[in-house]
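Notes to accompany the following structure.
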Amino acid sequence: MNVFSILRDAWYFYSRNLPGIARLCLPLILLESCVRLMIEHWLGQNALPAQELLTGILFYPLYVGALILFLDARSRGHDPAAREVWARVLPLWPSLAVLAALGTLLIVLGASLFVLPGLWVMVKIAFAEYLLMLRGLSPLAALKESFAQTRGHFLLILGCMLVVLLPVWLLEAWLATQFWGDATPPAALAILVDGGVGMIQLLATVVVFRCFMLCGDSDR
(Lines give C-alpha, C1' and ligand atoms only; values in the text may rest on other atoms or scores of the structure.)
Protein backbone atom coordinates (compact mmCIF):
# COMPACT_ATOMS: atom_id res chain seq x y z
CA MET A 1 0.00 0.00 0.00
CA ASN A 2 1.61 3.23 -1.19
CA VAL A 3 0.62 6.65 -2.47
CA PHE A 4 1.18 5.79 -6.11
CA SER A 5 -0.98 2.65 -6.10
CA ILE A 6 -3.79 4.41 -4.23
CA LEU A 7 -3.76 7.34 -6.64
CA ARG A 8 -3.67 4.99 -9.63
CA ASP A 9 -6.66 2.99 -8.39
CA ALA A 10 -8.59 6.13 -7.44
CA TRP A 11 -7.96 7.76 -10.83
CA TYR A 12 -9.02 4.59 -12.63
CA PHE A 13 -12.30 4.53 -10.70
CA TYR A 14 -12.87 8.28 -11.05
CA SER A 15 -12.25 8.37 -14.80
CA ARG A 16 -14.42 5.33 -15.53
CA ASN A 17 -17.30 6.57 -13.36
CA LEU A 18 -17.05 10.29 -14.12
CA PRO A 19 -20.46 10.51 -15.91
CA GLY A 20 -22.24 8.97 -12.92
CA ILE A 21 -20.33 11.16 -10.46
CA ALA A 22 -21.15 14.27 -12.50
CA ARG A 23 -24.87 13.40 -12.63
CA LEU A 24 -24.97 13.07 -8.85
CA CYS A 25 -22.73 15.92 -7.75
CA LEU A 26 -22.33 18.56 -10.45
CA PRO A 27 -25.88 20.01 -10.22
CA LEU A 28 -25.43 20.67 -6.49
CA ILE A 29 -21.93 22.08 -6.99
CA LEU A 30 -23.30 24.53 -9.55
CA LEU A 31 -26.29 25.39 -7.34
CA GLU A 32 -23.92 26.01 -4.43
CA SER A 33 -21.93 28.40 -6.63
CA CYS A 34 -25.09 30.23 -7.71
CA VAL A 35 -26.26 30.67 -4.12
CA ARG A 36 -22.84 31.96 -3.08
CA LEU A 37 -22.84 34.49 -5.93
CA MET A 38 -26.35 35.67 -5.02
CA ILE A 39 -25.28 36.23 -1.41
CA GLU A 40 -22.26 38.21 -2.59
CA HIS A 41 -24.47 40.24 -4.93
CA TRP A 42 -26.98 41.05 -2.20
CA LEU A 43 -24.51 41.78 0.58
CA GLY A 44 -21.43 42.89 -1.38
CA GLN A 45 -18.44 43.56 0.82
CA ASN A 46 -20.64 43.14 3.89
CA ALA A 47 -20.90 39.39 3.32
CA LEU A 48 -19.36 37.55 6.24
CA PRO A 49 -17.12 34.47 5.95
CA ALA A 50 -19.62 32.67 8.18
CA GLN A 51 -22.29 33.11 5.52
CA GLU A 52 -20.10 31.43 2.90
CA LEU A 53 -19.37 28.67 5.40
CA LEU A 54 -23.08 28.13 5.95
CA THR A 55 -23.61 27.87 2.20
CA GLY A 56 -20.95 25.18 2.06
CA ILE A 57 -22.48 23.28 4.97
CA LEU A 58 -25.85 23.35 3.21
CA PHE A 59 -24.68 21.80 -0.06
CA TYR A 60 -21.34 20.07 0.55
CA PRO A 61 -22.69 17.27 2.80
CA LEU A 62 -25.32 16.39 0.21
CA TYR A 63 -23.07 15.85 -2.78
CA VAL A 64 -20.21 14.34 -0.80
CA GLY A 65 -22.61 12.01 1.00
CA ALA A 66 -24.08 10.97 -2.34
CA LEU A 67 -20.60 10.37 -3.74
CA ILE A 68 -19.60 8.22 -0.76
CA LEU A 69 -22.67 6.02 -1.19
CA PHE A 70 -21.98 5.80 -4.92
CA LEU A 71 -18.36 4.82 -4.25
CA ASP A 72 -19.41 2.13 -1.80
CA ALA A 73 -22.04 0.70 -4.15
CA ARG A 74 -19.76 0.67 -7.20
CA SER A 75 -16.94 -0.93 -5.20
CA ARG A 76 -19.36 -3.76 -4.42
CA GLY A 77 -20.33 -4.16 -8.06
CA HIS A 78 -23.70 -2.37 -7.81
CA ASP A 79 -24.94 0.47 -10.00
CA PRO A 80 -27.48 2.38 -7.86
CA ALA A 81 -30.04 4.70 -9.38
CA ALA A 82 -29.79 8.35 -8.38
CA ARG A 83 -33.12 8.23 -6.55
CA GLU A 84 -31.86 5.35 -4.40
CA VAL A 85 -28.75 7.30 -3.47
CA TRP A 86 -30.69 10.45 -2.58
CA ALA A 87 -33.23 8.43 -0.59
CA ARG A 88 -30.37 7.36 1.68
CA VAL A 89 -28.51 10.69 1.74
CA LEU A 90 -31.32 13.09 2.58
CA PRO A 91 -32.19 11.58 6.01
CA LEU A 92 -28.50 11.77 6.94
CA TRP A 93 -28.06 15.39 5.88
CA PRO A 94 -28.46 16.84 9.43
CA SER A 95 -25.74 14.54 10.80
CA LEU A 96 -23.50 15.26 7.81
CA ALA A 97 -24.00 19.00 8.25
CA VAL A 98 -23.08 18.78 11.94
CA LEU A 99 -20.00 16.72 11.05
CA ALA A 100 -18.98 19.24 8.36
CA ALA A 101 -19.35 22.12 10.82
CA LEU A 102 -17.36 20.34 13.54
CA GLY A 103 -14.66 19.30 11.08
CA THR A 104 -14.33 22.81 9.69
CA LEU A 105 -14.11 24.24 13.20
CA LEU A 106 -11.35 21.78 14.14
CA ILE A 107 -9.35 22.54 10.98
CA VAL A 108 -9.73 26.30 11.47
CA LEU A 109 -8.61 26.01 15.09
CA GLY A 110 -5.63 23.95 14.01
CA ALA A 111 -4.74 26.35 11.21
CA SER A 112 -5.00 29.30 13.60
CA LEU A 113 -2.11 27.80 15.53
CA PHE A 114 -0.08 27.20 12.37
CA VAL A 115 -0.41 25.50 8.99
CA LEU A 116 0.91 22.12 10.14
CA PRO A 117 -1.63 21.64 12.97
CA GLY A 118 -4.37 22.42 10.45
CA LEU A 119 -3.04 19.75 8.07
CA TRP A 120 -2.72 17.30 10.96
CA VAL A 121 -6.37 17.79 11.91
CA MET A 122 -7.45 17.51 8.25
CA VAL A 123 -5.77 14.10 7.99
CA LYS A 124 -6.96 12.82 11.37
CA ILE A 125 -10.63 13.52 10.57
CA ALA A 126 -10.37 12.36 6.95
CA PHE A 127 -12.34 9.14 7.56
CA ALA A 128 -15.17 10.71 9.58
CA GLU A 129 -17.58 11.20 6.65
CA TYR A 130 -17.15 7.59 5.53
CA LEU A 131 -17.66 6.28 9.06
CA LEU A 132 -20.86 8.30 9.41
CA MET A 133 -22.26 7.31 6.01
CA LEU A 134 -21.15 3.68 5.85
CA ARG A 135 -20.90 2.63 9.51
CA GLY A 136 -23.80 4.63 10.90
CA LEU A 137 -21.77 6.47 13.55
CA SER A 138 -22.84 9.79 15.05
CA PRO A 139 -20.80 12.90 14.14
CA LEU A 140 -18.79 12.88 17.38
CA ALA A 141 -18.29 9.12 17.29
CA ALA A 142 -17.18 9.34 13.65
CA LEU A 143 -14.59 12.00 14.49
CA LYS A 144 -13.28 9.93 17.41
CA GLU A 145 -13.10 6.75 15.34
CA SER A 146 -11.40 8.60 12.49
CA PHE A 147 -8.65 9.70 14.87
CA ALA A 148 -8.21 6.04 15.85
CA GLN A 149 -8.29 4.54 12.34
CA THR A 150 -5.83 7.05 10.85
CA ARG A 151 -3.25 6.18 13.53
CA GLY A 152 -0.19 4.76 11.83
CA HIS A 153 -1.31 5.92 8.37
CA PHE A 154 -0.79 9.68 8.71
CA LEU A 155 1.94 10.18 6.10
CA LEU A 156 0.18 7.93 3.59
CA ILE A 157 -3.11 9.83 3.86
CA LEU A 158 -1.39 13.21 3.91
CA GLY A 159 0.59 12.36 0.78
CA CYS A 160 -2.51 11.17 -1.08
CA MET A 161 -4.52 14.26 -0.11
CA LEU A 162 -1.80 16.77 -0.96
CA VAL A 163 -1.07 15.24 -4.36
CA VAL A 164 -4.70 15.91 -5.31
CA LEU A 165 -5.55 19.05 -3.36
CA LEU A 166 -2.36 21.08 -3.71
CA PRO A 167 -2.64 21.37 -7.52
CA VAL A 168 -6.32 22.31 -7.12
CA TRP A 169 -5.48 25.06 -4.62
CA LEU A 170 -2.75 26.37 -6.94
CA LEU A 171 -5.13 26.23 -9.91
CA GLU A 172 -7.76 28.23 -8.03
CA ALA A 173 -5.17 30.87 -7.09
CA TRP A 174 -3.90 31.06 -10.68
CA LEU A 175 -7.40 31.37 -12.14
CA ALA A 176 -8.24 34.12 -9.65
CA THR A 177 -5.21 36.20 -10.68
CA GLN A 178 -5.37 35.51 -14.41
CA PHE A 179 -9.04 35.99 -15.15
CA TRP A 180 -10.37 38.60 -12.76
CA GLY A 181 -7.85 39.67 -10.14
CA ASP A 182 -9.52 42.12 -7.78
CA ALA A 183 -12.52 42.67 -10.06
CA THR A 184 -15.81 40.86 -9.70
CA PRO A 185 -15.78 37.93 -12.14
CA PRO A 186 -18.61 37.41 -14.64
CA ALA A 187 -21.21 35.18 -13.02
CA ALA A 188 -21.17 32.58 -15.81
CA LEU A 189 -17.38 32.31 -15.70
CA ALA A 190 -17.34 32.06 -11.90
CA ILE A 191 -19.94 29.28 -11.95
CA LEU A 192 -18.07 27.44 -14.70
CA VAL A 193 -14.80 27.64 -12.77
CA ASP A 194 -16.48 26.54 -9.52
CA GLY A 195 -18.04 23.58 -11.32
CA GLY A 196 -14.75 22.47 -12.83
CA VAL A 197 -12.76 22.92 -9.64
CA GLY A 198 -15.48 21.25 -7.59
CA MET A 199 -15.46 18.19 -9.83
CA ILE A 200 -11.67 17.93 -9.60
CA GLN A 201 -11.84 18.20 -5.81
CA LEU A 202 -14.17 15.21 -5.74
CA LEU A 203 -11.19 13.13 -6.82
CA ALA A 204 -9.84 13.72 -3.30
CA THR A 205 -12.97 12.06 -1.88
CA VAL A 206 -12.34 9.04 -4.12
CA VAL A 207 -8.68 8.92 -3.04
CA VAL A 208 -9.51 9.10 0.67
CA PHE A 209 -12.22 6.46 0.22
CA ARG A 210 -9.53 4.15 -1.17
CA CYS A 211 -7.33 4.95 1.84
CA PHE A 212 -10.27 4.30 4.16
CA MET A 213 -10.93 0.87 2.68
CA LEU A 214 -7.26 -0.15 2.67
CA CYS A 215 -6.47 1.15 6.15
CA GLY A 216 -9.56 -0.51 7.56
CA ASP A 217 -8.57 -3.83 6.01
CA SER A 218 -4.97 -3.56 7.23
CA ASP A 219 -6.10 -2.92 10.82
CA ARG A 220 -8.20 -6.07 11.03
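Residues are named by chain letter and number: chains run A, B, ... in the order of the C-alpha coordinates, numbers start at 1 in each chain, and ligands are numbered from 1 in the order shown.
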* **Shell of 9 Å around Met161 in chain A, only C-alpha atoms, local chain residues under 2 positions omitted, as a ChimeraX atom specification** => /A:123,156-159,163-166,204-205,207-208
Give me the range 119-172 of chain A side of the contact with range 61-72 of chain A, cut-off 8 Å, one line per residue showing its nearest atom pair and distance in Å at one decimal, counting only C-alpha atoms, sorted by chain and residue number, as JSON lines.
```
{"residue": "A:Glu129", "atom": "CA", "partner": "A:Gly65", "partner_atom": "CA", "distance": 7.6}
{"residue": "A:Tyr130", "atom": "CA", "partner": "A:Ile68", "partner_atom": "CA", "distance": 6.8}
{"residue": "A:Met133", "atom": "CA", "partner": "A:Gly65", "partner_atom": "CA", "distance": 6.9}
{"residue": "A:Leu134", "atom": "CA", "partner": "A:Leu69", "partner_atom": "CA", "distance": 7.6}
```
With N, CA, C and O atoms kept, could you save the residues just selected as a short mmCIF file (atom, residue, chain, number, x, y, z; two decimals), in the first residue's frame?
```cif
data_model
loop_
_atom_site.label_atom_id
_atom_site.label_comp_id
_atom_site.auth_asym_id
_atom_site.auth_seq_id
_atom_site.Cartn_x
_atom_site.Cartn_y
_atom_site.Cartn_z
N GLU A 129 -16.39 11.23 7.52
CA GLU A 129 -17.58 11.20 6.65
C GLU A 129 -17.92 9.77 6.23
O GLU A 129 -19.10 9.40 6.17
N TYR A 130 -16.92 8.97 5.96
CA TYR A 130 -17.15 7.59 5.53
C TYR A 130 -17.69 6.76 6.69
O TYR A 130 -18.57 5.90 6.48
N MET A 133 -21.39 7.78 7.10
CA MET A 133 -22.26 7.31 6.01
C MET A 133 -22.34 5.79 5.94
O MET A 133 -23.41 5.24 5.71
N LEU A 134 -21.21 5.12 6.12
CA LEU A 134 -21.15 3.68 5.85
C LEU A 134 -21.20 2.82 7.10
O LEU A 134 -21.50 1.63 7.01
#
```
* **Among listed residues A:Ala97, A:Leu28, A:Ala128, A:Leu155, nearest Leu58 in chain A (using only C-alpha atoms)** =>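 That would be A:Ala97, the residue with the smallest distance to Leu58 in chain A.
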* Report as a PyMOL selection string: the residues of range 2-205 of chain A with a DSSP assignment of alpha helix (DSSP H), based on the backbone of this structure. => chain A and resi 3-16+18-43+49-75+82-89+93-113+115-124+128-135+139-149+154-175+187-205
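Counting only C-alpha atoms, the residue from A:Leu53, A:Leu162, A:Leu90, A:Leu171 that sits nearest to Val108 in chain A is A:Leu53.
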* Asked: Looking at A:Leu192, A:Cys215, A:Leu37, A:Pro117, which one is nearest to Ala148 in chain A, with distances taken over only C-alpha atoms?
  -> A:Cys215
* Asked: For Ser138 in chain A, which residue among A:Gly110, A:Gly77, A:Pro94, A:Pro19 is the nearest when counting only C-alpha atoms?
  -> A:Pro94
* Asked: Near Val206 in chain A, counting only C-alpha atoms, which residues have an atom at most 9 Å away, once you skip same-chain residues fewer than 3 positions from it, shown as a list in words?
  ->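 Once the adjacent positions are removed, what remains is Ala10, Trp11, Phe13, Tyr14, Leu67, Ile68, Leu71, Leu202, Leu203, Phe209, Arg210 and Cys211 of chain A.
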Once you have the residues from the selection above, write them out as an mmCIF file, in the first residue's frame, restricted to N, CA, C and O atoms.
```
data_model
loop_
_atom_site.group_PDB
_atom_site.id
_atom_site.type_symbol
_atom_site.label_atom_id
_atom_site.label_comp_id
_atom_site.auth_asym_id
_atom_site.auth_seq_id
_atom_site.Cartn_x
_atom_site.Cartn_y
_atom_site.Cartn_z
ATOM 1 N N ALA A 10 -7.558 5.105 -7.583
ATOM 2 C CA ALA A 10 -8.587 6.133 -7.444
ATOM 3 C C ALA A 10 -8.846 6.816 -8.787
ATOM 4 O O ALA A 10 -9.999 7.079 -9.145
ATOM 5 N N TRP A 11 -7.783 7.115 -9.524
ATOM 6 C CA TRP A 11 -7.956 7.763 -10.825
ATOM 7 C C TRP A 11 -8.678 6.832 -11.801
ATOM 8 O O TRP A 11 -9.527 7.285 -12.579
ATOM 9 N N PHE A 13 -10.874 4.527 -11.063
ATOM 10 C CA PHE A 13 -12.296 4.527 -10.702
ATOM 11 C C PHE A 13 -12.954 5.846 -11.110
ATOM 12 O O PHE A 13 -14.039 5.851 -11.698
ATOM 13 N N TYR A 14 -12.300 6.954 -10.780
ATOM 14 C CA TYR A 14 -12.874 8.275 -11.047
ATOM 15 C C TYR A 14 -13.114 8.479 -12.540
ATOM 16 O O TYR A 14 -14.183 8.942 -12.953
ATOM 17 N N LEU A 67 -21.784 10.969 -3.116
ATOM 18 C CA LEU A 67 -20.601 10.375 -3.738
ATOM 19 C C LEU A 67 -20.095 9.189 -2.919
ATOM 20 O O LEU A 67 -19.711 8.150 -3.484
ATOM 21 N N ILE A 68 -20.083 9.313 -1.603
ATOM 22 C CA ILE A 68 -19.602 8.216 -0.756
ATOM 23 C C ILE A 68 -20.476 6.973 -0.936
ATOM 24 O O ILE A 68 -19.966 5.852 -1.067
ATOM 25 N N LEU A 71 -19.639 5.518 -4.302
ATOM 26 C CA LEU A 71 -18.358 4.817 -4.253
ATOM 27 C C LEU A 71 -18.514 3.436 -3.611
ATOM 28 O O LEU A 71 -17.984 2.429 -4.118
ATOM 29 N N LEU A 202 -13.527 16.472 -6.091
ATOM 30 C CA LEU A 202 -14.168 15.207 -5.736
ATOM 31 C C LEU A 202 -13.222 14.022 -5.889
ATOM 32 O O LEU A 202 -13.433 12.977 -5.274
ATOM 33 N N LEU A 203 -12.186 14.187 -6.714
ATOM 34 C CA LEU A 203 -11.185 13.129 -6.819
ATOM 35 C C LEU A 203 -10.548 12.858 -5.460
ATOM 36 O O LEU A 203 -10.207 11.709 -5.142
ATOM 37 N N PHE A 209 -11.401 7.678 0.091
ATOM 38 C CA PHE A 209 -12.215 6.460 0.219
ATOM 39 C C PHE A 209 -11.342 5.215 0.034
ATOM 40 O O PHE A 209 -11.475 4.234 0.769
ATOM 41 N N ARG A 210 -10.448 5.270 -0.945
ATOM 42 C CA ARG A 210 -9.531 4.147 -1.168
ATOM 43 C C ARG A 210 -8.624 3.945 0.051
ATOM 44 O O ARG A 210 -8.407 2.812 0.494
ATOM 45 N N CYS A 211 -8.134 5.040 0.608
ATOM 46 C CA CYS A 211 -7.325 4.950 1.835
ATOM 47 C C CYS A 211 -8.143 4.347 2.970
ATOM 48 O O CYS A 211 -7.647 3.489 3.731
#
```
* **Residue nearest Gly195 in chain A - candidates A:Cys34, A:Val89, A:Ala73, A:Arg151, atoms counted: only C-alpha atoms** =>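 Smallest distance to Gly195 in chain A is found for A:Cys34.
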* Go ahead and compute the interatomic distance for CA of Trp120 in chain A and CA of Trp93 in chain A, in Å to one decimal. => 25.9 Å
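Among the candidates A:Ala188, A:Asp194, A:Leu132, A:Arg88, the one nearest to Ala176 in chain A when counting only C-alpha atoms is A:Asp194.
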* Asked: Residues at most 9 Å from Ile191 in chain A, counting only C-alpha atoms, excluding those fewer than 4 positions away in the same chain, as a ChimeraX atom specification?
  -> /A:29-31,33-34,37,186-187,195-196
* To do: Skip Ala81 in chain A itself and residues of its chain fewer than 2 positions away, then list as a PyMOL selection string all residues within 10 Å of it, counting only C-alpha atoms.
  => chain A and resi 20+24+70+78-79+83-86
* **Separation of CA of Arg135 in chain A from CA of His153 in chain A in Å** =>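 We find that CA of His153 in chain A and CA of Arg135 in chain A lie 19.9 Å from each other.
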* Asked: How many Å lie between CA of Ile107 in chain A and CA of Leu119 in chain A, rounded to one decimal?
  ->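 Taking CA of Ile107 in chain A and CA of Leu119 in chain A, their separation equals 7.5 Å.
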